[in-house]
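To start, the structure under review is shown below, and the notes come after it.
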Amino acid sequence: MNEHRYRWRNRQLREHVAVVDGAHAPSIVLTNATYLNVYLKQWMEANIWIYDDRIVYVGDALPESDEATEVVDCTGQYLVPGYIEPHAHPFQLYNPHRLAQYALQTGTTTLINDNLVLLFLLHKKKAFSLLEDLNDVPASMYWWSRFDSQSALQREDHFLSDEDVQDWLEHDAVIQGGELTGWPSVLKDDDRVLHWMQEAKRKRKPIEGHFPGASEKTLTKMKLLGTDSDHESMTGEEVWNRIRLGYMTALRYSSIRPDLPQLLKEMKDWNIRVYDRLMMTTDGATPSFYEQGIMDRCIEIALENDVPDYEAYSMASYNAAKHFGIDHRVGSISPGCVAHINILSDKHTPTPTSVIAKGEWVKRDGQTVEQSNPFDWDKHDLSPLEIDWDLTERDLQFSIPLGLEMINEVILKPYAVQSERSGDRAGTEDEAFLMLMDREGKWKVNSMIKGFTKTLGGLVSSYSNTGDFIFIGKNKPDMEMAFNRMKEIGGGIVLAHEGEIVYELPLPVAGMMSDEEMGTIISHEQQVKRILGEHGYPFQDPIYTLLFLSSMHLPFIRITPKGIMDVKKKEVLFPAIMR
C-alpha cells in the first residue's frame with residue numbers, strides 16, 4: 001500500500017474508532033503521562049492509547065479491558081512528539097535507510113529528504129519504488145523535489161525534464177519543491193524552473209530557498225516568485241529579516257555551518273521572542289558530527305540558550321509538520337497522528353530514554369530494540385560500480401593554466417598555475433593535481449588544486465556531487481593506484497601514498513554510499529580525516545570538500561562536467577575534454 005497516500009484504509013479507521021468505544025483493545029497504553037501539548041504549549045497529564053501505529057486517544061480515561069494491551073506507567077517521565085529533521089541530505093556516505101535507523105535512537109522519527117542523488121543514479125520509476133521500500137523502517141520518510149542539478153551538466157535537460165519534475169511533484173511522498181540553489185537564474189530569466197515552482201504551489205507544496213547572504217531586495221523578489229522558506233541565515237539579523245518577510249526559517253547546526261548557538265544568541269538582540277516560524281536542521285551533516293545527536297542536540301542547544309522548553313520541542317516537531325502540511329500525521333501527541341513518541345527522563349534532557357515509532361518500540365530504557373535487516377540495494381539497481389575502462393597516461397596530463405585554491409572547505413578561488421606539471425609530481429608544496437572524470441569514462445577535466453594536501457600521493461573518490469570521479473594527488477602513479485583499487489572495491493574513497501594503499505572507505509551502494517551501520521561509517525570518516533590531516537589538509541570537513549567541488553551554488557570557481565566554471569558569470573573557462 002502507498003503509505004503516503006493512504007496510511008490507513010477504511011476498515012482500519014473503523015477499528016481505531018472501535019478502540020475508543022471499547023470494542024478493540026489498544027496495543028499500548030502509556031499511563032500517568034506528562035506530555036507536551038503543542039497546541040496549547042503546555043505540559044499536561046493524560047493516558048495515551050496506541051493502536052497498531054496510531055495514537056487513538058489522549059485523555060483521562062483508561063480502556064475497559066487491557067488483557068491484550070501493554071500498559072506502561074510513565075510516572076516521573078516526560079513525553080514529547082517524535083522529532084522532525086526538515087532538511088536531510090541522506091547520502092553523506094551513509095544512506096537513507098541507515099540514517100533513519102540511527103536517527104530513531106535519538107528520537108528523530110521523521111525525515112524530509114533531498115532527492116538529488118536519486119536523480120543522478122536512478123530512473124524515476126526505480127526511484128519511486130525505492131521510496132516505497134524505504135518505508136520498512138519505523139521512521140516516516142518524506143522527500144523534496146529538486147529543480148536544478150546544483151552543478152553544470154553536459155545534458156541538464158536529460159537530467160531534469162519537464163515530465164520527470166512533474167512526476168516527482170505528483171508523488172505523495174514529495175512534500176516540497178527545492179531547495180533552490182539555482183535561484184539567481186530564476187531571478188534572471190529561468191521560466192522553466194519558475195513554472196515548476198508554480199506547479200508545486202498549485203499542488204500546495206511549499207518551496208524552499210537557498211539564499212546565503214541574500215539582501216532584503218532579493219528575499220522579497222524570491223518571495224514574490226513563490227518561495228516559502230530558507231535555511232541559510234548566518235546572523236540573527238538574517239533570521240529576523242526572513243521571519244519579518246514571512247519566511248519559514250530553519251536554524252542550522254551542521255558540520256559545515258554549526259550556526260545554531262550563535263543564531264540563538266543574536267536573535268535575543270533582535271528581540272525575536274516568537275518561535276512559530278522557526279525550525280532547526282542539521283542540513284546533511286557528515287557522519288561523525290552525528291555522534292552528538294541529531295535533532296535532540298539542536299533542542300539541547302535551544303534549551304541552553306533560554307528558549308522555553310515547549311518552544312524548543314515544537315521547533316523540532318510541530319512547527320515543521322505544520323509548515324509541510326503533514327501535521328495531521330506527525331508532529332504532535334494527539335488522536336489521529338502516527339505514534340511517534342519520545343519518552344524523556346527530564347524536560348531538559350531531549351535525548352530520549354525510550355522511543356516509540358509507528359507504534360513500535362525502537363528504543364526501550366536506553367537500549368536499542370532490534371530493527372529490520374540490511375536493505376536490499378541490488379534490487380533497486382544501486383549495486384557496487386562495475387567500471388569497464390582504464391586510466392591512461394594521457395588522462396593524467398595537466399596543462400590548464402588556471403587552478404582552484406581553497407579558502408575553506410567549500411569556497412574556491414581561481415589562481416594562475418605557474419609550477420611545472422610535465423612530470424609525475426605536482427609542483428609547489430600545497431599544490432596537487434586535480435581531475436574530474438566521467439563515471440562512464442567519456443570525458444575529463446584536468447586542473448590543479450591548492451590547499452588540499454601537502455604530501456598525499458593520491459586520492460580517488462566516486463563520492464561527489466554528480467557521482468563522477470574525483471582525483472587529487474601529488475603523485476600520478478599513486479593516483480592511478482588509488483583508481484585501480486577503487487575499481488576493485490566497486491566504488492569508494494581510496495588513499496594511496498608512496499606506492500601503497502593507506503586507506504579505503506568502500507561505498508558499494510552505487511559508489512556513493514556505505515551500507516554499514518552508522519558507527520562504522522563514523523569510524524571510516526574519522527580515519528579519512530585523520531590521514532588527510534597528517535598530509536596537510538588544513539580544514540575540518542574533507543568529505544564536504546569532495547562533495548562540493550562541482551557545486552555551482554558556491555563561489556567562486558568550480559570543476560564541473562562542463563569544465564572549469566566561473567560561478568558568478570556561469571561561463572566555461574576551460575571545457576571538459578572528450579577521451
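We label chains A, B, ... in the order they appear in the C-alpha cells, count residues from 1 in each chain, and number ligands from 1 in the order shown.
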Hey, which bits of range 446-488 of chain A sit within 9 Å of range 116-119 of chain A, and for each residue what's the closest pair of atoms and how far apart in Å (one decimal), counting only C-alpha atoms, rows by chain and increasing number, as a Markdown table?
| residue | atom | partner | partner_atom | distance |
| --- | --- | --- | --- | --- |
| A:Asn465 | CA | A:Val117 | CA | 7.9 |
| A:Thr466 | CA | A:Val117 | CA | 7.6 |
| A:Gly467 | CA | A:Val117 | CA | 8.0 |
Requested write-out: N, CA and C atoms of the selected residues, as a PDB file, in the first residue's frame:
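Output (part04.pdb):
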ATOM      1  N   ASN A 465      29.362  15.307  -5.886  1.00  0.00           N
ATOM      2  CA  ASN A 465      28.034  15.890  -6.068  1.00  0.00           C
ATOM      3  C   ASN A 465      27.290  15.261  -7.237  1.00  0.00           C
ATOM      4  N   THR A 466      28.004  14.970  -8.317  1.00  0.00           N
ATOM      5  CA  THR A 466      27.371  14.441  -9.525  1.00  0.00           C
ATOM      6  C   THR A 466      27.544  12.936  -9.687  1.00  0.00           C
ATOM      7  N   GLY A 467      28.320  12.309  -8.808  1.00  0.00           N
ATOM      8  CA  GLY A 467      28.586  10.880  -8.950  1.00  0.00           C
ATOM      9  C   GLY A 467      29.743  10.577  -9.868  1.00  0.00           C
TER      10      GLY A 467
END
Checklist entry - Skipping near chain neighbours, those fewer than 4 positions away, what residues fall within 9 Å of Asp162 in chain A using only C-alpha atoms, listed as a ChimeraX atom specification? => result /A:157,166-167,192,196
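The residue set within 12 Å of Glu386 in chain A, counting only C-alpha atoms and dropping same-chain residues fewer than 3 places from it, reads Asp381, Leu382, Ser383, Trp389, Asp390, Arg439, Glu440, Gly441, Ser462, Asn484, Met486, Lys487, Glu488, Ile489, Gly490, Gly491, Pro508, Val509, Ala510 and Gly511 of chain A.
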Restrict the selected residues to C-alpha atoms and save them as a short mmCIF file (atom, residue, chain, number, x, y, z; two decimals), in the first residue's frame.
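Result file is again.cif:
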data_model
loop_
_atom_site.label_atom_id
_atom_site.label_comp_id
_atom_site.auth_asym_id
_atom_site.auth_seq_id
_atom_site.Cartn_x
_atom_site.Cartn_y
_atom_site.Cartn_z
CA ASP A 381 19.97 -1.15 -9.21
CA LEU A 382 22.20 0.52 -6.64
CA SER A 383 24.94 -2.09 -6.70
CA TRP A 389 37.54 1.24 -18.64
CA ASP A 390 41.12 2.01 -17.64
CA ARG A 439 31.97 7.73 -14.28
CA GLU A 440 31.44 6.21 -17.74
CA GLY A 441 34.92 7.32 -18.82
CA SER A 462 33.50 8.01 -6.52
CA ASN A 484 42.55 0.81 -9.72
CA MET A 486 38.56 1.96 -6.23
CA LYS A 487 37.54 -0.10 -9.27
CA GLU A 488 38.25 -3.35 -7.42
CA ILE A 489 36.07 -2.48 -4.42
CA GLY A 490 33.18 -1.21 -6.55
CA GLY A 491 33.40 2.44 -5.54
CA PRO A 508 29.26 -0.24 -2.52
CA VAL A 509 25.84 1.44 -2.87
CA ALA A 510 26.33 2.95 -6.35
CA GLY A 511 29.76 4.26 -5.40
#
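Between Gln154 in chain A and the residues A:Lys569, A:Lys442, A:Lys529, A:Lys413, the shortest atom-to-atom distance, using only C-alpha atoms, involves A:Lys442.
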Next on the checklist: Let's see if you can do this: from backbone DSSP, list all alpha helix (DSSP H) residues in range 249-421 of chain A, as an NGL selection string.
Outcome noted: :A and (260-269 or 295-304 or 309-315 or 318-324)
Shell of 9 Å around His231 in chain A, only C-alpha atoms, local chain residues under 3 positions omitted, as a PDB file with C-alpha atoms, in the first residue's frame:
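The result, written out as selection.pdb:
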ATOM      1  CA  HIS A  87      16.132  19.276   5.699  1.00  0.00           C
ATOM      2  CA  GLU A 208      12.425  26.050  -0.104  1.00  0.00           C
ATOM      3  CA  GLY A 209      15.086  28.588  -0.968  1.00  0.00           C
ATOM      4  CA  HIS A 210      18.854  28.550  -0.567  1.00  0.00           C
ATOM      5  CA  PHE A 211      19.729  32.207  -0.064  1.00  0.00           C
ATOM      6  CA  PRO A 212      23.053  32.702   1.771  1.00  0.00           C
ATOM      7  CA  MET A 248       9.569  29.847   7.497  1.00  0.00           C
ATOM      8  CA  THR A 249      13.138  29.891   8.759  1.00  0.00           C
ATOM      9  CA  ALA A 250      15.278  26.887   9.670  1.00  0.00           C
ATOM     10  CA  LEU A 251      18.188  27.490  12.035  1.00  0.00           C
ATOM     11  CA  ARG A 252      21.166  25.400  11.019  1.00  0.00           C
ATOM     12  CA  MET A 279      12.560  25.139  12.673  1.00  0.00           C
ATOM     13  CA  MET A 280      16.021  23.619  13.223  1.00  0.00           C
ATOM     14  CA  THR A 281      18.092  21.445  10.896  1.00  0.00           C
ATOM     15  CA  ASP A 283      21.475  20.127   6.956  1.00  0.00           C
TER      16      ASP A 283
END
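Using only C-alpha atoms, the protein and nucleic acid residues lying no more than 8 Å from Trp143 in chain A, apart from those fewer than 3 places from it along its own chain, are Ile112, Asn113, Asp114, Asn115, Ala173, Val174, Ile175 and Gln176 of chain A.
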Item to check | Shortest interatomic distance to Asp306 in chain A - which of A:Met267, A:Phe556, A:Phe289, A:Asp388, counting only C-alpha atoms | outcome: A:Met267
Checklist entry - Of the candidates A:Pro287, A:Pro575, A:Gly331, A:Pro184, which shows the shortest atom-to-atom distance to Val528 in chain A, using only C-alpha atoms? => result A:Pro287
With only C-alpha atoms as the counted atoms, please give the residues lying no more than 10 Å from range 557-564 of chain A, apart from itself and same-chain residues fewer than 2 positions off, as a compact mmCIF listing (two decimals) with N, CA, C and O atoms, in the first residue's frame.
# COMPACT_ATOMS: atom_id res chain seq x y z
N SER A 151 24.96 21.70 -10.13
CA SER A 151 26.25 21.72 -10.83
C SER A 151 26.00 22.25 -12.24
O SER A 151 24.97 22.89 -12.50
N ALA A 152 26.93 21.99 -13.14
CA ALA A 152 26.78 22.36 -14.55
C ALA A 152 26.98 21.10 -15.37
O ALA A 152 28.11 20.63 -15.55
N LEU A 153 25.88 20.51 -15.82
CA LEU A 153 25.92 19.22 -16.51
C LEU A 153 25.99 19.41 -18.01
O LEU A 153 25.55 20.43 -18.55
N GLN A 154 26.50 18.40 -18.69
CA GLN A 154 26.56 18.46 -20.14
C GLN A 154 25.17 18.32 -20.76
O GLN A 154 24.90 18.85 -21.83
N ARG A 155 24.27 17.61 -20.07
CA ARG A 155 22.90 17.44 -20.58
C ARG A 155 21.92 17.68 -19.44
O ARG A 155 21.29 16.77 -18.93
N ILE A 400 46.19 22.95 -18.10
CA ILE A 400 45.37 24.15 -17.94
C ILE A 400 46.09 25.15 -17.03
O ILE A 400 46.55 24.76 -15.93
N LEU A 402 44.96 27.48 -15.20
CA LEU A 402 44.13 28.00 -14.13
C LEU A 402 43.83 26.90 -13.12
O LEU A 402 43.36 25.82 -13.49
N GLY A 403 44.08 27.18 -11.86
CA GLY A 403 43.81 26.20 -10.81
C GLY A 403 42.77 26.70 -9.83
O GLY A 403 42.28 27.82 -9.92
N LEU A 404 42.43 25.83 -8.86
CA LEU A 404 41.43 26.14 -7.83
C LEU A 404 42.13 26.20 -6.48
O LEU A 404 42.75 25.22 -6.06
N GLU A 405 42.04 27.32 -5.81
CA GLU A 405 42.67 27.48 -4.50
C GLU A 405 41.62 27.47 -3.41
O GLU A 405 40.62 28.19 -3.47
N VAL A 410 34.86 24.62 1.36
CA VAL A 410 33.98 24.62 0.19
C VAL A 410 34.10 25.85 -0.70
O VAL A 410 33.51 25.88 -1.78
N ILE A 411 34.82 26.87 -0.29
CA ILE A 411 34.98 28.07 -1.10
C ILE A 411 36.30 27.98 -1.86
O ILE A 411 37.36 27.76 -1.26
N LEU A 412 36.24 28.17 -3.18
CA LEU A 412 37.40 28.04 -4.05
C LEU A 412 37.56 29.30 -4.88
O LEU A 412 36.58 29.81 -5.43
N LYS A 413 38.77 29.80 -4.97
CA LYS A 413 39.03 30.94 -5.85
C LYS A 413 40.04 30.52 -6.92
O LYS A 413 40.83 29.58 -6.72
N PRO A 414 40.05 31.20 -8.07
CA PRO A 414 40.99 30.84 -9.13
C PRO A 414 42.39 31.36 -8.82
O PRO A 414 42.57 32.35 -8.13
N TYR A 415 43.37 30.63 -9.34
CA TYR A 415 44.75 31.13 -9.25
C TYR A 415 45.50 30.72 -10.52
O TYR A 415 45.12 29.74 -11.20
N LEU A 434 44.48 17.80 -9.96
CA LEU A 434 43.03 17.67 -9.74
C LEU A 434 42.38 17.25 -11.06
O LEU A 434 42.63 17.87 -12.09
N MET A 435 41.55 16.22 -11.00
CA MET A 435 40.84 15.78 -12.20
C MET A 435 39.43 15.33 -11.80
O MET A 435 39.24 14.65 -10.80
N LEU A 436 38.46 15.72 -12.63
CA LEU A 436 37.11 15.20 -12.54
C LEU A 436 36.88 14.34 -13.77
O LEU A 436 37.07 14.80 -14.90
N MET A 437 36.48 13.09 -13.57
CA MET A 437 36.34 12.13 -14.66
C MET A 437 34.92 11.57 -14.67
O MET A 437 34.38 11.16 -13.64
N ASP A 438 34.33 11.55 -15.85
CA ASP A 438 33.01 10.95 -16.02
C ASP A 438 33.03 9.50 -15.54
O ASP A 438 33.96 8.75 -15.83
N TRP A 443 34.55 11.60 -20.59
CA TRP A 443 35.16 12.93 -20.60
C TRP A 443 35.96 13.14 -19.32
O TRP A 443 35.84 12.38 -18.35
N LYS A 444 36.77 14.20 -19.33
CA LYS A 444 37.57 14.53 -18.15
C LYS A 444 37.83 16.02 -18.12
O LYS A 444 37.75 16.71 -19.15
N VAL A 445 38.12 16.53 -16.93
CA VAL A 445 38.52 17.92 -16.73
C VAL A 445 39.75 17.90 -15.83
O VAL A 445 39.69 17.38 -14.72
N ASN A 446 40.87 18.44 -16.31
CA ASN A 446 42.12 18.40 -15.57
C ASN A 446 42.52 19.81 -15.13
O ASN A 446 42.46 20.75 -15.92
N SER A 447 42.94 19.94 -13.88
CA SER A 447 43.39 21.23 -13.38
C SER A 447 44.36 20.98 -12.23
O SER A 447 44.92 19.88 -12.11
N ASN A 465 29.36 15.31 -5.89
CA ASN A 465 28.03 15.89 -6.07
C ASN A 465 27.29 15.26 -7.24
O ASN A 465 26.08 15.03 -7.18
N THR A 466 28.00 14.97 -8.32
CA THR A 466 27.37 14.44 -9.52
C THR A 466 27.54 12.94 -9.69
O THR A 466 27.00 12.36 -10.63
N ASP A 468 30.41 11.61 -10.39
CA ASP A 468 31.61 11.40 -11.21
C ASP A 468 32.81 11.24 -10.29
O ASP A 468 32.73 11.43 -9.07
N ILE A 470 36.53 11.87 -8.64
CA ILE A 470 37.47 12.93 -8.30
C ILE A 470 38.84 12.32 -8.07
O ILE A 470 38.97 11.33 -7.33
N PHE A 548 31.41 19.13 -2.76
CA PHE A 548 31.06 20.43 -3.34
C PHE A 548 32.07 20.96 -4.37
O PHE A 548 31.93 22.10 -4.81
N LEU A 549 33.06 20.17 -4.75
CA LEU A 549 34.00 20.63 -5.78
C LEU A 549 33.29 21.05 -7.06
O LEU A 549 33.74 21.95 -7.76
N SER A 550 32.20 20.39 -7.38
CA SER A 550 31.49 20.67 -8.64
C SER A 550 30.17 21.40 -8.43
O SER A 550 29.36 21.49 -9.34
N SER A 551 29.95 21.94 -7.22
CA SER A 551 28.66 22.55 -6.90
C SER A 551 28.65 24.03 -7.26
O SER A 551 29.40 24.82 -6.69
N MET A 552 27.73 24.40 -8.13
CA MET A 552 27.71 25.75 -8.69
C MET A 552 26.98 26.77 -7.82
O MET A 552 26.78 27.91 -8.22
N HIS A 553 26.58 26.40 -6.61
CA HIS A 553 25.92 27.37 -5.74
C HIS A 553 26.89 28.03 -4.77
O HIS A 553 26.47 28.79 -3.90
N LEU A 554 28.18 27.74 -4.92
CA LEU A 554 29.19 28.30 -4.04
C LEU A 554 30.25 29.04 -4.85
O LEU A 554 30.59 28.63 -5.96
N PRO A 555 30.78 30.15 -4.31
CA PRO A 555 31.81 30.90 -5.04
C PRO A 555 33.16 30.17 -4.96
O PRO A 555 33.35 29.34 -4.07
N ASP A 566 33.33 29.63 -14.06
CA ASP A 566 33.20 30.83 -13.26
C ASP A 566 31.76 30.83 -12.73
O ASP A 566 30.80 30.90 -13.51
N VAL A 567 31.60 30.77 -11.40
CA VAL A 567 30.28 30.62 -10.81
C VAL A 567 29.40 31.84 -11.06
O VAL A 567 28.24 31.71 -11.47
N LYS A 568 29.93 33.01 -10.82
CA LYS A 568 29.12 34.22 -10.92
C LYS A 568 28.65 34.45 -12.36
O LYS A 568 27.49 34.77 -12.61
N LYS A 569 29.57 34.29 -13.31
CA LYS A 569 29.23 34.55 -14.71
C LYS A 569 28.60 33.34 -15.39
O LYS A 569 28.07 33.44 -16.50
N LYS A 570 28.71 32.16 -14.73
CA LYS A 570 28.25 30.90 -15.31
C LYS A 570 28.88 30.67 -16.68
O LYS A 570 28.22 30.22 -17.62
N GLU A 571 30.16 30.96 -16.77
CA GLU A 571 30.91 30.79 -18.01
C GLU A 571 31.87 29.63 -17.87
O GLU A 571 32.48 29.42 -16.81
N VAL A 572 32.03 28.87 -18.96
CA VAL A 572 33.02 27.81 -19.00
C VAL A 572 34.36 28.44 -19.34
O VAL A 572 34.54 29.00 -20.44
N LEU A 573 35.31 28.38 -18.42
CA LEU A 573 36.63 28.95 -18.65
C LEU A 573 37.52 28.00 -19.44
O LEU A 573 38.26 28.43 -20.33
N PHE A 574 37.45 26.71 -19.10
CA PHE A 574 38.16 25.67 -19.83
C PHE A 574 37.23 24.46 -19.92
O PHE A 574 36.84 23.92 -18.88
N PRO A 575 36.86 24.05 -21.11
CA PRO A 575 35.84 22.99 -21.25
C PRO A 575 36.38 21.60 -20.93
O PRO A 575 37.59 21.35 -20.98
N ALA A 576 35.44 20.71 -20.60
CA ALA A 576 35.78 19.29 -20.45
C ALA A 576 36.28 18.74 -21.78
O ALA A 576 35.90 19.23 -22.85
N ILE A 577 37.12 17.73 -21.71
CA ILE A 577 37.72 17.13 -22.90
C ILE A 577 37.20 15.71 -23.06
O ILE A 577 37.21 14.92 -22.10
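When the distance limit is 9 Å and only C-alpha atoms are what count, the residues near range 369-380 of chain A, minus those fewer than 4 positions from it on the same chain, are A:His97, A:Arg98, A:Gln101, A:Leu122, A:Lys126, A:Ala127, A:Ser129, A:Leu130, A:Asp133, A:Leu134, A:Asp136, A:Val137, A:Pro138, A:Trp361, A:Val362, A:Lys363, A:Arg364, A:Pro384, A:Val509, A:Ala510, A:Asp515, A:Glu516.
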Item to check | Coordinates-based distance that separates CA of Asn319 in chain A from CA of Lys221 in chain A (Å, one decimal) | outcome: 24.7 Å
